[in-house]
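Visitor: One structure, pasted below without further comment.
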2 protein chains.
Amino acid sequence: MARAALSADAVVDVALRLVDEEGPGALTLAAVASRAGVATPSLYKHVRNLAELRALMSARIMDELAERIGEAVLGRSADEAIRALMTAWRDYVLAHAHRYSALGQAPEPLVAEAGERLIGILLAALRAYGLEDSEAIHATRCLRAVMHGFAVLEAENAFQLPEKLDETYELLVHMVVTGLRKPLGGA
Amino acid sequence: MARAALSADAVVDVALRLVDEEGPGALTLAAVASRAGVATPSLYKHVRNLAELRALMSARIMDELAERIGEAVLGRSADEAIRALMTAWRDYVLAHAHRYSALGQAPEPLVAEAGERLIGILLAALRAYGLEDSEAIHATRCLRAVMHGFAVLEAENAFQLPEKLDETYELLVHMVVTGLRKPLGGA
DNA sequence: CAGTCATGGCTAATGACATTAGCTTTTGAG
DNA sequence: CTCAAAAGCTAATGTCATTAGCCATGACTG
């Protein structure tokens with residue numbers, strides 16, 4: 001080994017702080033290097049390139065989110081679990097809007113892996129509804145879609161009107177819970 | 001006036017075609033100019049800068065989407081309207097995944113305006129549920145969140161497992177319809 | 001029909017980035 | 001103490017966006 005100094009993780013830390021403070025648009029190797037007190041090319045000793053940095057960041061974010069949600073769901077089941085899960089998701093996004101926006105901007109390698117942990121948690125939370133394996137998959141996807149959609153829109157301030165978003169989210173939770181209870185029969 | 005040639009709209013056309021074919025990441029003034037058979041700086045005669053081009057594109061996409069959805073909803077109401085609306089939304093995304101992904105990458109000026117037309121349509125579709133003004137707003141937001149979330153995830157291929165997405169969407173529609181019918185009482 | 005002048009295009013230049021190449025310093029292992 | 005790998009650095013390249021300033025054209029005016 002040589003000097004202690006930086007490391008891939010440290011670079012990701014710096015990058016995340018940068019994104020938190022200045023938004024995903026400010027993520028540039030130059031900016032990260034500057035914050036890390038190092039010349040830009042030095043970053044390449046720890047990270048293959050900008051794309052990889054983005055992927056590492058996304059994976060980290062997924063992990064954080066999965067952790068929060070895992071905790072939130074612990075010991076709860078069915079409706080209570082869903083409610084806790086959805087609340088935790090939104091709380092995370094509100095606490096780190098920029099960070100959440102930075103997700104998505106990464107291809108699939110590591111991110112997909114990190115995402116699976118998250119999906120596992122969702123799936124577990126849905127077991128309580130006694131869904132068939134396949135049904136549980138569909139339900140998980142719906143959950144993801146609902147939460148991600150709301151998160152993205154709220155994070156980018158896409159909801160203009162004065163109505164309280166807390167109330168909207170209540171309705172959304174209600175929608176999910178209700179929808180999961182009645183396993184669709186006809187149409 | 002002088003030469004006929006390009007125009008802001010034409011530039012947007014070219015840019016949209018580019019995005020359709022090569023993805024949002026390929027959107028660069030150089031690429032657009034090349035396709036338009038013109039030198040890069042010439043684009044500035046029609047568009048203030050890349051950011052504005054993005055905004056114009058987003059507005060155009062919003063309009064297209066609103067149009068499709070408007071047609072889909074025509075003459076239907078309540079559950080049928082919701083179903084048609086959601087189907088139209090997804091169909092649009094599937095037909096123009098790259099284009100849809102290119103949304104969001106624009107700030108608020110024109111896009112917000114174009115978005116309002118779309119929201120108007122959603123609101124109208126929800127009138128049939130006899131919701132209070134405010135309730136209708138919340139419901140519209142939920143609709144947006146659900147559809148946008150699913151659209152984004154599907155467009156970026158975030159659903160891995162083999163289960164059919166058509167079925168997932170069925171469940172999602174069911175969830176929305178069911179949730180809208182029972183206006184949440186207790187929890 | 002000649003003369004203007006705004007429009008749309010062009011080339012050249014600048015500045016931010018990402019990325020690569022190649023050199024230097026530091027330091028842990030032996 | 002020696003030395004090789006690790007971690008930094010500077011310099012160089014190529015791609016972009018954006019700006020400045022110049023030229024051609026053609027739609028109107030008179």
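If you're wondering about the labels, chains in the structure tokens are A, B, ... by order shown, residues count from 1 in each chain, ligands from 1 in order shown.
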If you run DSSP over the backbone, which residues in range 60-169 of chain B end up helix (DSSP H, G or I)? Put them as a ChimeraX atom specification.
Guide: /B:60-73,78-95,97-102,109-127,133-155,165-169
Visitor: Considering only C-alpha atoms (C1' of nucleotides), return as an MDAnalysis selection string whatever protein or nucleic-acid residues lie within 10 Å of range 14-30 of chain C, sequence-local ones (same chain, fewer than 4 positions apart) excluded.
Guide: (chainID A and resid 1:4 28:30 40:41 44 49:50) or (chainID D and resid 2:19)
Visitor: For C-alpha atoms (C1' of nucleotides), I'd like the residues from the last selection saved as a PDB file, in the first residue's frame.
Guide:
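result05.pdb written:
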```pdb
ATOM      1  CA  MET A   1       0.000   0.000   0.000  1.00  0.00           C
ATOM      2  CA  ALA A   2       0.906   3.616  -0.294  1.00  0.00           C
ATOM      3  CA  ARG A   3      -0.509   6.769   1.206  1.00  0.00           C
ATOM      4  CA  ALA A   4      -3.719   6.602   3.166  1.00  0.00           C
ATOM      5  CA  THR A  28     -18.333  17.398 -12.042  1.00  0.00           C
ATOM      6  CA  LEU A  29     -15.012  15.713 -11.503  1.00  0.00           C
ATOM      7  CA  ALA A  30     -13.394  19.096 -11.235  1.00  0.00           C
ATOM      8  CA  THR A  40      -8.840  16.336 -11.080  1.00  0.00           C
ATOM      9  CA  PRO A  41      -6.903  13.508 -12.711  1.00  0.00           C
ATOM     10  CA  TYR A  44      -9.014   8.395 -11.690  1.00  0.00           C
ATOM     11  CA  ASN A  49     -14.579   7.633 -14.702  1.00  0.00           C
ATOM     12  CA  LEU A  50     -17.539   9.906 -14.130  1.00  0.00           C
TER      13      LEU A  50
ATOM     14  C1'  DT D   2      15.720  -0.836  -0.912  1.00  0.00           C
ATOM     15  C1'  DC D   3      12.177  -0.837  -4.052  1.00  0.00           C
ATOM     16  C1'  DA D   4       7.874  -1.395  -6.236  1.00  0.00           C
ATOM     17  C1'  DA D   5       3.196  -0.246  -6.127  1.00  0.00           C
ATOM     18  C1'  DA D   6       0.045   3.372  -4.964  1.00  0.00           C
ATOM     19  C1'  DA D   7      -1.488   7.979  -5.248  1.00  0.00           C
ATOM     20  C1'  DG D   8      -0.454  12.567  -6.845  1.00  0.00           C
ATOM     21  C1'  DC D   9       0.731  15.906 -10.293  1.00  0.00           C
ATOM     22  C1'  DT D  10       1.360  18.486 -14.717  1.00  0.00           C
ATOM     23  C1'  DA D  11       0.667  18.677 -19.550  1.00  0.00           C
ATOM     24  C1'  DA D  12      -1.924  17.533 -23.517  1.00  0.00           C
ATOM     25  C1'  DT D  13      -6.101  16.215 -26.259  1.00  0.00           C
ATOM     26  C1'  DG D  14     -10.715  16.221 -27.747  1.00  0.00           C
ATOM     27  C1'  DT D  15     -15.542  17.415 -27.204  1.00  0.00           C
ATOM     28  C1'  DC D  16     -18.884  20.752 -26.000  1.00  0.00           C
ATOM     29  C1'  DA D  17     -21.390  25.135 -25.338  1.00  0.00           C
ATOM     30  C1'  DT D  18     -21.257  29.706 -26.088  1.00  0.00           C
ATOM     31  C1'  DT D  19     -19.760  34.355 -27.959  1.00  0.00           C
TER      32       DT D  19
END
```
Visitor: Tell me, as a list in words, which residues lie within 6 Å of range 146-162 of chain A, counting only C-alpha atoms (C1' of nucleotides); anything in the same chain fewer than 6 positions away does not count.
Guide: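 Listing them by chain and then by number gives Ala97 of chain A; Ala145, Val146, His148 and Gly149 of chain B.
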Visitor: Could you turn the residues from that selection into a file that holds C-alpha atoms, as a compact mmCIF listing (two decimals), in the first residue's frame?
Guide:
```
# COMPACT_ATOMS: atom_id res chain seq x y z
CA ALA A 97 -34.02 15.70 -2.52
CA ALA B 145 -47.33 10.20 -9.55
CA VAL B 146 -48.54 6.73 -10.41
CA HIS B 148 -45.06 9.05 -14.16
CA GLY B 149 -43.46 6.61 -11.76
```
Visitor: Hey, can you check how far CA of Gly70 in chain B sits from CA of Ile121 in chain B?
Guide: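 Between CA of Gly70 in chain B and CA of Ile121 in chain B the gap is 6.3 Å.
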Visitor: When you look at range 100-110 of chain A with a cut-off of 7 Å (counting only C-alpha atoms (C1' of nucleotides)), what residues show up, excluding the ones that are within fewer than 4 positions of it in the same chain? I need them as a list of chain:residue names.
Guide: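 After dropping sequence-adjacent residues, the list is A:Pro24, A:Ala51, A:Arg54, A:Ala55, A:Ser58, A:Ala59, A:Val93, A:His96, A:Ala114, A:Val152, A:Ala155.
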Visitor: If we count only C-alpha atoms (C1' of nucleotides), what is near range 124-140 of chain B at a cut-off of 7 Å, once residues fewer than 6 positions away on the same chain are taken out, given as a list in words?
Guide: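 Within the cut-off, the hits are Thr168 of chain A; Ser77, Ala78, Ala81 and Ile82 of chain B.
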Visitor: Could you tell me how far C1' of DG9 in chain C lies from CA of Lys45 in chain B, in Å and to one decimal?
Guide: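 It comes out at 8.9 Å.
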Visitor: List the neighbours of Trp89 in chain A out to 8 Å using only C-alpha atoms (C1' of nucleotides); skip same-chain residues closer than 2 positions along the sequence, and give me the result as a PyMOL selection string.
Guide: chain A and resi 65+68-69+85-87+91-93+147
Visitor: Any chance you can output those residues with C-alpha atoms as a PDB file, in the first residue's frame?
Guide:
```
ATOM      1  CA  LEU A  65     -32.855   4.143   1.203  1.00  0.00           C
ATOM      2  CA  ARG A  68     -34.206   3.420   6.186  1.00  0.00           C
ATOM      3  CA  ILE A  69     -37.056   1.452   4.767  1.00  0.00           C
ATOM      4  CA  LEU A  85     -42.638   2.041   4.233  1.00  0.00           C
ATOM      5  CA  MET A  86     -44.156   4.754   2.142  1.00  0.00           C
ATOM      6  CA  THR A  87     -43.634   7.323   4.830  1.00  0.00           C
ATOM      7  CA  ASP A  91     -39.044  11.206   4.393  1.00  0.00           C
ATOM      8  CA  TYR A  92     -35.809  10.124   2.822  1.00  0.00           C
ATOM      9  CA  VAL A  93     -36.548  11.994  -0.353  1.00  0.00           C
ATOM     10  CA  MET A 147     -43.370   5.917  -4.551  1.00  0.00           C
TER      11      MET A 147
END
```
Visitor: Just want the 12 Å neighbourhood of DT29 in chain D, counted on only C-alpha atoms (C1' of nucleotides), with same-chain residues fewer than 5 positions away dropped. Output as a PDB file with C-alpha atoms (C1' of nucleotides), in the first residue's frame.
Guide:
```pdb
ATOM      1  C1'  DC C   1     -35.026  48.253 -60.855  1.00  0.00           C
ATOM      2  C1'  DA C   2     -31.681  49.697 -57.241  1.00  0.00           C
ATOM      3  C1'  DG C   3     -30.764  50.051 -52.341  1.00  0.00           C
ATOM      4  C1'  DT C   4     -31.287  48.655 -47.476  1.00  0.00           C
ATOM      5  C1'  DC C   5     -31.050  45.996 -43.744  1.00  0.00           C
TER       6       DC C   5
END
```
